Each structure stands twice: as structure tokens, then as C-alpha cells.
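Trainee: This structure is in C-alpha cells; I'll ask about it shortly.
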Amino acid sequence: MSLDVSPALLEQAERGEVDEADFVDCVRTSLPFAWEMISSLVAQLKVDGGQFADNQTPPPDEQARGQLLRALASDAIRGSLERHFGVRLAFQNCHRVAVFPLDSSVDERLARFTSIRGQLLNQSPELRDC
């Protein structure tokens, strides 16, 4: 299971009325490594400015890596995180998370980051097992 869903949140889902803030809080508590990484990148982007902020350090263990994969591979989780933080998320390999502002002036940079070329240039032998 990827999220620790409270009985109250499960009841909301069963009724068909899920509060996104409650869902985001569930993600925050269930995937703390992923949450902290994305939060810190958002803060870095706000402080430093620029077109994006990214992480290039592999997670410390498989549990942390799994949290990133679950957060960014799920359309619902990823979309909620993007709306909550007001950014666009991009993901390469098993650890390189990037946050981009919603500003359309960075669309070209985001396209380069998420391109086939960008993916190929971000490969390394150390990441083959991730």
C-alpha cells in the first residue's frame, strides 16, 4: 500500500466527496521523504528564483526511493502536489525531481528537461539498479 489512508478519508472516498486538502495531508504523512524533497525544492525555487530547482542526490535507501516513485508515478498524487505547491513537477531516473514554476516563460526549459535527449543525458552507471 502506498498511502496510509485514515478511516475518515476512506469514508470520504466511499461517499464520493474527497477533500483535496485531506488527501494532500495523507500524502504528506504517508510519503514523508517525497514530501520533504518536493517541499525543499519549492522553497529553493522561491529563494533562488530561476527556471527550476532540482535534486540530483539519490535517495538514502530503497524506502525513500519507493516514496518518490509512488508520489510521482501516481497521477492523483502528483497532480495534488502540483496544485498544493503551485508548481509543475518533472521526474527523471529514480531520484531526479525538479520543480518548475507555473509561469509559461519556463515552458521551453521544462520541455528540454523532460525530453528524450534530457533523459538520455541524465543516465549514469550508478543508477542502473534504481
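Ordering of the C-alpha cells sets the chain letters (A, B, ...), residue numbers begin anew at 1 in every chain, and ligands are numbered from 1 in the order given.
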Assign secondary structure with DSSP using the backbone only, and return the residues of chain A in helix (DSSP H, G or I) as a ChimeraX atom specification.
Mentor: /A:7-15,20-30,32-48,62-73,75-85,104-113,116-121,125-127
Trainee: Please, could you write that set of residues out with C-alpha atoms as a tab-separated table (two decimals), in the first residue's frame?
Mentor:
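File written: selection.tsv
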```
chain	number	residue	atom	x	y	z
A	7	PRO	CA	-10.85	5.70	8.09
A	8	ALA	CA	-12.28	9.22	7.75
A	9	LEU	CA	-10.59	9.79	4.39
A	10	LEU	CA	-11.69	6.37	3.18
A	11	GLU	CA	-15.27	7.27	4.17
A	12	GLN	CA	-14.99	10.48	2.13
A	13	ALA	CA	-13.88	8.46	-0.89
A	14	GLU	CA	-16.69	5.95	-0.44
A	15	ARG	CA	-19.20	8.84	-0.38
A	20	GLU	CA	-8.13	17.55	-1.63
A	21	ALA	CA	-6.54	19.15	1.44
A	22	ASP	CA	-7.23	15.95	3.38
A	23	PHE	CA	-5.74	13.91	0.55
A	24	VAL	CA	-2.63	16.11	0.46
A	25	ASP	CA	-2.23	15.68	4.21
A	26	CYS	CA	-2.46	11.91	3.73
A	27	VAL	CA	0.31	12.12	1.14
A	28	ARG	CA	2.42	14.28	3.48
A	29	THR	CA	2.20	11.80	6.34
A	30	SER	CA	2.42	8.66	4.18
A	32	PRO	CA	7.48	11.95	4.23
A	33	PHE	CA	10.70	11.63	2.23
A	34	ALA	CA	8.99	12.57	-1.04
A	35	TRP	CA	7.09	15.39	0.68
A	36	GLU	CA	10.26	16.83	2.22
A	37	MET	CA	12.16	16.66	-1.06
A	38	ILE	CA	9.43	18.42	-3.01
A	39	SER	CA	8.88	20.97	-0.22
A	40	SER	CA	12.57	21.81	-0.08
A	41	LEU	CA	12.79	22.17	-3.86
A	42	VAL	CA	9.78	24.51	-3.85
A	43	ALA	CA	11.44	26.58	-1.13
A	44	GLN	CA	14.73	26.60	-3.08
A	45	LEU	CA	12.92	27.77	-6.21
A	46	LYS	CA	11.26	30.61	-4.28
A	47	VAL	CA	14.53	31.72	-2.67
A	48	ASP	CA	16.86	31.30	-5.63
A	62	GLU	CA	15.01	1.88	-1.15
A	63	GLN	CA	12.16	3.01	1.10
A	64	ALA	CA	12.87	6.65	0.25
A	65	ARG	CA	13.25	5.80	-3.45
A	66	GLY	CA	9.91	3.99	-3.33
A	67	GLN	CA	8.24	7.06	-1.86
A	68	LEU	CA	9.45	9.22	-4.74
A	69	LEU	CA	8.31	6.66	-7.28
A	70	ARG	CA	4.87	6.36	-5.69
A	71	ALA	CA	4.41	10.13	-5.40
A	72	LEU	CA	5.44	10.92	-8.94
A	73	ALA	CA	4.05	7.88	-10.75
A	75	ASP	CA	-1.43	10.95	-11.48
A	76	ALA	CA	-3.67	11.74	-8.48
A	77	ILE	CA	-0.79	12.25	-6.04
A	78	ARG	CA	1.38	14.16	-8.50
A	79	GLY	CA	-1.50	16.40	-9.57
A	80	SER	CA	-2.46	17.16	-5.99
A	81	LEU	CA	1.14	18.01	-5.10
A	82	GLU	CA	1.40	20.31	-8.12
A	83	ARG	CA	-1.81	22.12	-7.16
A	84	HIS	CA	-0.84	22.30	-3.48
A	85	PHE	CA	2.61	23.77	-4.12
A	104	SER	CA	4.80	29.82	-19.20
A	105	SER	CA	8.18	31.54	-19.66
A	106	VAL	CA	9.87	28.29	-18.49
A	107	ASP	CA	7.96	26.00	-20.86
A	108	GLU	CA	10.98	25.59	-23.14
A	109	ARG	CA	13.25	24.66	-20.20
A	110	LEU	CA	10.66	22.16	-18.91
A	111	ALA	CA	10.40	20.65	-22.39
A	112	ARG	CA	14.20	20.22	-22.52
A	113	PHE	CA	14.25	18.63	-19.04
A	116	ILE	CA	14.20	12.13	-24.66
A	117	ARG	CA	17.56	13.90	-25.01
A	118	GLY	CA	17.33	15.17	-21.43
A	119	GLN	CA	16.57	11.68	-20.18
A	120	LEU	CA	19.50	10.16	-22.06
A	121	LEU	CA	21.92	12.82	-20.84
A	125	PRO	CA	26.01	3.51	-14.45
A	126	GLU	CA	25.34	4.14	-10.75
A	127	LEU	CA	21.63	4.49	-11.45
```
Trainee: Taking only C-alpha atoms into account, which of A:Asn93, A:Asp19, A:Ser2, A:Asn55 comes nearest Ser74 of chain A?
Mentor: A:Ser2
Trainee: Considering only C-alpha atoms, can you say which of A:Val18, A:Val97, A:Leu3, A:Leu102 comes closest to Ala53 of chain A?
Mentor: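 Among A:Val18, A:Val97, A:Leu3, A:Leu102, it is A:Val97 that comes nearest to Ala53 of chain A.
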Trainee: Which residues, written as a list in words, have at least one atom at most 6 Å from Phe52 of chain A, with only C-alpha atoms counted and residues fewer than 2 positions away on the same chain left out?
Mentor: Gly50, Val99 and Phe100 of chain A
Trainee: Pull C-alpha atoms from the residues just selected and write them as a PDB file, in the first residue's frame.
Mentor:
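Okay, this is what ended up in selection_23.pdb:
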```
ATOM      1  CA  GLY A  50      15.395  30.847 -11.817  1.00  0.00           C
ATOM      2  CA  VAL A  99      10.009  21.763  -9.722  1.00  0.00           C
ATOM      3  CA  PHE A 100       9.136  24.374 -12.308  1.00  0.00           C
TER       4      PHE A 100
END
```
